[in-house]
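Visitor: Structure below; questions to follow.
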Amino acid sequence: MRNKWVAFTALSLALVQLAVILVSWIASAALPFSNVRSLLGSEGIRWFFGHFTDNLLSPLLVWLLVLSIAFGALQSSGLLSAVRNVHALNMREKFALRFVLVELLLSVLVMVLLSALPHAVLLSVTGSLFPGSFSNSLIPYIAFTLCTLGVSYGMLAGRLKSITDVLQTLSRGLSAAAPLFLIYIFGRQLYCSLLFVFTL
């Protein structure tokens with residue numbers, strides 16, 4: 001079911017992209033004095049190929065990347081299932097879960113100290129949280145914390161026995177989120193194409 005949804009979404013975005021290309025060509029030919037730019041003209045083709053990488057660069061891509069790594073760490077380390085089945089854990093797993101809870105509290109405390117105190121490091125020049133260093137670092141910090149929690153639990157619970165296990169745990173989320181990256185590429189390129197066609 002999930003694969004069908006991803007395939008349908010990707011196909012829809014690709015078809016809308018083709019429609020934008022055709023509409024931009026027709027509109028620029030029919031209305032030569034309008035602000036519509038054609039993606040099939042020389043300028044449009046140069047923009048489409050020359051700015052493809054720049055179009056994909058956005059904080060959303062980084063957030064998707066680090067959150068997928070974090071999700072993989074939580075899932076494959078066994079931390080998510082441990083939280084759901086606390087009563088079925090053995091002594092070693094319960095100890096690992098308690099250790100992870102302390103880590104979580106310390107991570108929250110560090111973020112509070114870096115952002116909530118007067119003249120805190122992550123406050124902006126005006127003293128606000130948004131926009132500023134806090135808002136820019138929030139998603140990566142959450143992802144790093146979740147990765148740390150997942151790896152710590154996996155190692156203490158005996159699920160991750162080597163550095164190879166840790167690396168495989170961190171990379172599993174990337175493979176699970178691969179369809180989202182495909183949708184991101186189609187969606188982001190479509191968004192940038194619309195901006196190119198209809199704005200100066």
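Chain labels run A, B, ... following the order of the structure tokens; each chain numbers its residues from 1, and ligands are numbered from 1 in the order shown.
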Could you please write out, as a PyMOL selection string, every residue of region 116-183 of chain A that DSSP assigns to alpha helix (DSSP H)?
Guide: chain A and resi 133-156+163-176+178-183
Visitor: Need to verify the contact set: Val66 (chain A), 8 Å, only C-alpha atoms, exclusion of same-chain residues closer than 6 positions in sequence. Can you return it as a list in words?
Guide: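 Residues meeting the cut-off are Pro140, Ala143 and Phe144 of chain A.
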Visitor: Which is closest to Ser76 (chain A) among A:Leu117, A:Leu64, A:Tyr191, A:Leu170, if we use only C-alpha atoms?
Guide: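 Of all the options, A:Leu170 lies closest to Ser76 (chain A).
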Visitor: Choose the residue, out of A:Ile163, A:Ala157, A:Val62, A:Leu180, that has the smallest atom-to-atom separation from Lys94 (chain A); count only C-alpha atoms.
Guide: A:Ala157
Visitor: Tell me, as a list in words, which residues lie within 10 Å of Arg172 (chain A), counting only C-alpha atoms; anything in the same chain fewer than 4 positions away does not count.
Guide: Ser68, Ile69, Ala70, Phe71, Gly72, Ala73, Gln75, Ser76, Leu167, Gln168, Ala176 and Ala177 of chain A
Visitor: With only C-alpha atoms as the basis for distance, which of A:Ile183, A:Leu195, A:Cys147, A:Leu122 is at the shortest distance from Leu61 (chain A)?
Guide: A:Ile183
Visitor: Expressed in Å to a single decimal, how great is the separation between CA of Ala19 (chain A) and CA of Pro32 (chain A)?
Guide: 19.1 Å
Visitor: Set the distance at 10 Å and use only C-alpha atoms: which residues neighbour Ser38 (chain A) once local chain neighbours fewer than 4 positions away are removed? I'd like the list as a PyMOL selection string.
Guide: chain A and resi 20-29+42-45+193+196-198
Visitor: Taking all heavy atoms for each residue, export the selection above as a tab-separated table (two decimals), in the first residue's frame.
Guide:
chain	number	residue	atom	x	y	z
A	20	VAL	N	3.66	21.82	-16.51
A	20	VAL	CA	4.24	23.16	-16.32
A	20	VAL	C	5.15	23.51	-17.48
A	20	VAL	O	5.15	24.64	-17.98
A	20	VAL	CB	4.99	23.24	-14.97
A	20	VAL	CG1	5.83	24.51	-14.87
A	20	VAL	CG2	4.01	23.16	-13.81
A	21	ILE	N	5.93	22.54	-17.95
A	21	ILE	CA	6.83	22.79	-19.09
A	21	ILE	C	6.01	23.17	-20.32
A	21	ILE	O	6.31	24.16	-21.01
A	21	ILE	CB	7.71	21.55	-19.36
A	21	ILE	CG1	8.70	21.36	-18.21
A	21	ILE	CG2	8.44	21.66	-20.69
A	21	ILE	CD1	9.46	20.05	-18.25
A	22	LEU	N	4.95	22.40	-20.60
A	22	LEU	CA	4.13	22.67	-21.78
A	22	LEU	C	3.35	23.98	-21.64
A	22	LEU	O	3.29	24.79	-22.58
A	22	LEU	CB	3.16	21.51	-22.03
A	22	LEU	CG	3.81	20.21	-22.49
A	22	LEU	CD1	2.78	19.09	-22.56
A	22	LEU	CD2	4.49	20.38	-23.84
A	23	VAL	N	2.76	24.22	-20.48
A	23	VAL	CA	2.00	25.45	-20.26
A	23	VAL	C	2.91	26.68	-20.36
A	23	VAL	O	2.52	27.71	-20.93
A	23	VAL	CB	1.26	25.40	-18.90
A	23	VAL	CG1	0.72	26.77	-18.51
A	23	VAL	CG2	0.13	24.39	-18.95
A	24	SER	N	4.11	26.58	-19.81
A	24	SER	CA	5.03	27.72	-19.90
A	24	SER	C	5.40	28.02	-21.35
A	24	SER	O	5.52	29.18	-21.74
A	24	SER	CB	6.29	27.43	-19.08
A	24	SER	OG	7.10	26.44	-19.70
A	25	TRP	N	5.58	26.97	-22.15
A	25	TRP	CA	5.92	27.17	-23.56
A	25	TRP	C	4.75	27.81	-24.32
A	25	TRP	O	4.92	28.78	-25.06
A	25	TRP	CB	6.30	25.82	-24.17
A	25	TRP	CG	6.54	25.84	-25.64
A	25	TRP	CD1	7.47	26.59	-26.32
A	25	TRP	CD2	5.83	25.09	-26.62
A	25	TRP	NE1	7.39	26.35	-27.66
A	25	TRP	CE2	6.39	25.43	-27.89
A	25	TRP	CE3	4.80	24.17	-26.58
A	25	TRP	CZ2	5.94	24.86	-29.06
A	25	TRP	CZ3	4.36	23.60	-27.76
A	25	TRP	CH2	4.92	23.96	-28.99
A	26	ILE	N	3.52	27.28	-24.11
A	26	ILE	CA	2.34	27.80	-24.79
A	26	ILE	C	2.05	29.23	-24.33
A	26	ILE	O	1.79	30.13	-25.14
A	26	ILE	CB	1.13	26.88	-24.54
A	26	ILE	CG1	1.35	25.53	-25.23
A	26	ILE	CG2	-0.16	27.52	-25.04
A	26	ILE	CD1	0.36	24.45	-24.83
A	27	ALA	N	2.10	29.48	-23.02
A	27	ALA	CA	1.78	30.81	-22.50
A	27	ALA	C	2.78	31.86	-22.95
A	27	ALA	O	2.40	32.98	-23.29
A	27	ALA	CB	1.71	30.76	-20.97
A	28	SER	N	4.07	31.49	-22.98
A	28	SER	CA	5.07	32.48	-23.41
A	28	SER	C	4.95	32.77	-24.90
A	28	SER	O	5.23	33.89	-25.35
A	28	SER	CB	6.48	31.98	-23.07
A	28	SER	OG	6.79	30.81	-23.81
A	29	ALA	N	4.51	31.78	-25.68
A	29	ALA	CA	4.33	32.01	-27.13
A	29	ALA	C	3.05	32.80	-27.39
A	29	ALA	O	3.02	33.69	-28.24
A	29	ALA	CB	4.27	30.67	-27.86
A	42	SER	N	15.64	28.78	-24.68
A	42	SER	CA	17.06	28.62	-24.36
A	42	SER	C	17.35	28.98	-22.90
A	42	SER	O	18.09	28.28	-22.21
A	42	SER	CB	17.92	29.48	-25.29
A	42	SER	OG	17.53	30.84	-25.21
A	43	GLU	N	16.71	30.06	-22.42
A	43	GLU	CA	16.92	30.46	-21.03
A	43	GLU	C	16.38	29.39	-20.07
A	43	GLU	O	17.02	29.05	-19.07
A	43	GLU	CB	16.22	31.80	-20.76
A	43	GLU	CG	16.37	32.28	-19.33
A	43	GLU	CD	15.47	33.47	-19.01
A	43	GLU	OE1	14.54	33.77	-19.77
A	43	GLU	OE2	15.71	34.08	-17.94
A	44	GLY	N	15.19	28.86	-20.37
A	44	GLY	CA	14.58	27.85	-19.53
A	44	GLY	C	15.38	26.55	-19.48
A	44	GLY	O	15.52	25.94	-18.42
A	45	ILE	N	15.88	26.12	-20.63
A	45	ILE	CA	16.66	24.88	-20.67
A	45	ILE	C	17.96	25.05	-19.89
A	45	ILE	O	18.37	24.17	-19.14
A	45	ILE	CB	16.93	24.46	-22.13
A	45	ILE	CG1	15.60	24.03	-22.78
A	45	ILE	CG2	17.94	23.33	-22.20
A	45	ILE	CD1	15.69	23.78	-24.26
A	193	SER	N	10.52	25.17	-10.54
A	193	SER	CA	10.10	25.42	-11.92
A	193	SER	C	8.94	26.44	-11.95
A	193	SER	O	8.92	27.33	-12.80
A	193	SER	CB	9.64	24.13	-12.61
A	193	SER	OG	10.72	23.23	-12.73
A	196	PHE	N	10.36	29.82	-11.39
A	196	PHE	CA	11.06	30.33	-12.57
A	196	PHE	C	10.08	30.80	-13.63
A	196	PHE	O	10.26	31.85	-14.23
A	196	PHE	CB	11.95	29.22	-13.16
A	196	PHE	CG	12.57	29.60	-14.48
A	196	PHE	CD1	13.71	30.38	-14.52
A	196	PHE	CD2	12.00	29.20	-15.68
A	196	PHE	CE1	14.28	30.75	-15.73
A	196	PHE	CE2	12.56	29.55	-16.89
A	196	PHE	CZ	13.71	30.33	-16.91
A	197	VAL	N	9.04	30.04	-13.87
A	197	VAL	CA	8.10	30.35	-14.95
A	197	VAL	C	7.27	31.59	-14.65
A	197	VAL	O	7.08	32.45	-15.51
A	197	VAL	CB	7.17	29.14	-15.22
A	197	VAL	CG1	6.04	29.51	-16.15
A	197	VAL	CG2	7.98	27.99	-15.82
A	198	PHE	N	6.80	31.72	-13.42
A	198	PHE	CA	5.83	32.75	-13.13
A	198	PHE	C	6.32	33.95	-12.33
A	198	PHE	O	5.56	34.82	-11.98
A	198	PHE	CB	4.62	32.14	-12.40
A	198	PHE	CG	3.89	31.13	-13.26
A	198	PHE	CD1	3.95	29.78	-12.98
A	198	PHE	CD2	3.16	31.54	-14.36
A	198	PHE	CE1	3.27	28.86	-13.77
A	198	PHE	CE2	2.49	30.63	-15.15
A	198	PHE	CZ	2.54	29.29	-14.86
Visitor: What's the separation between CA of Met91 (chain A) and CA of Leu156 (chain A), in Å to one decimal place?
Guide: 11.0 Å
Visitor: Give me the residues within 8 Å of region 54-58 of chain A as a ChimeraX atom specification, counting only C-alpha atoms and dropping any in the same chain fewer than 2 places off.
Guide: /A:51-52,60-62,185,188-189,192
Visitor: Excluding Phe99 (chain A) and any residue of its chain fewer than 3 positions from it, enumerate the residues within 12 Å of it, using only C-alpha atoms, and give them as a compact mmCIF listing (two decimals) with N, CA and C atoms, in the first residue's frame.
Guide:
# COMPACT_ATOMS: atom_id res chain seq x y z
N LEU A 79 15.01 0.34 20.42
CA LEU A 79 14.52 1.28 21.42
C LEU A 79 13.02 1.53 21.30
N ARG A 92 18.83 -6.32 31.70
CA ARG A 92 19.80 -5.55 30.92
C ARG A 92 19.10 -4.50 30.06
N GLU A 93 18.01 -4.86 29.45
CA GLU A 93 17.26 -3.93 28.62
C GLU A 93 16.62 -2.82 29.46
N LYS A 94 16.17 -3.15 30.65
CA LYS A 94 15.61 -2.11 31.54
C LYS A 94 16.69 -1.12 31.96
N PHE A 95 17.88 -1.64 32.26
CA PHE A 95 18.99 -0.74 32.60
C PHE A 95 19.31 0.18 31.42
N ALA A 96 19.36 -0.39 30.23
CA ALA A 96 19.64 0.40 29.03
C ALA A 96 18.58 1.48 28.84
N VAL A 102 18.03 9.01 31.14
CA VAL A 102 18.95 10.01 31.71
C VAL A 102 19.60 10.81 30.58
N GLU A 103 20.01 10.13 29.51
CA GLU A 103 20.58 10.84 28.36
C GLU A 103 19.61 11.83 27.76
N LEU A 104 18.36 11.43 27.66
CA LEU A 104 17.33 12.31 27.11
C LEU A 104 17.15 13.56 27.98
N LEU A 105 17.09 13.36 29.28
CA LEU A 105 16.95 14.49 30.20
C LEU A 105 18.15 15.42 30.12
N LEU A 106 19.35 14.87 30.00
CA LEU A 106 20.55 15.69 29.86
C LEU A 106 20.54 16.48 28.55
N THR A 148 21.83 9.22 19.20
CA THR A 148 22.59 8.87 20.40
C THR A 148 21.80 7.94 21.31
N LEU A 149 20.52 8.25 21.48
CA LEU A 149 19.67 7.39 22.33
C LEU A 149 19.55 5.98 21.75
N GLY A 150 19.33 5.90 20.44
CA GLY A 150 19.19 4.60 19.81
C GLY A 150 20.45 3.76 19.90
N VAL A 151 21.59 4.37 19.60
CA VAL A 151 22.86 3.64 19.64
C VAL A 151 23.20 3.25 21.08
N SER A 152 22.99 4.16 22.03
CA SER A 152 23.27 3.84 23.43
C SER A 152 22.43 2.66 23.91
N TYR A 153 21.14 2.71 23.58
CA TYR A 153 20.27 1.60 24.00
C TYR A 153 20.72 0.29 23.35
N GLY A 154 20.99 0.33 22.05
CA GLY A 154 21.40 -0.88 21.34
C GLY A 154 22.66 -1.50 21.90
N MET A 155 23.64 -0.65 22.25
CA MET A 155 24.90 -1.17 22.79
C MET A 155 24.72 -1.71 24.20
N LEU A 156 24.00 -0.95 25.05
CA LEU A 156 23.83 -1.40 26.43
C LEU A 156 22.92 -2.62 26.54
N ALA A 157 21.96 -2.73 25.62
CA ALA A 157 21.05 -3.88 25.65
C ALA A 157 21.64 -5.10 24.96
Visitor: Find, counting only C-alpha atoms, the residue in A:Ser107, A:Gln17, A:Thr145, A:Thr53 that gets nearest to Leu39 (chain A).
Guide: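 The closest residue to Leu39 (chain A) is A:Gln17.
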Visitor: Mind pulling up the distance from CA of Arg159 (chain A) to CA of Ser77 (chain A)?
Guide: 6.6 Å
Visitor: Pick from A:Ala30, A:Val36, A:Ile142, A:Ala82: nearest to Thr199 (chain A), with only C-alpha atoms counted?
Guide: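 Using only C-alpha atoms, the shortest distance to Thr199 (chain A) belongs to A:Val36.
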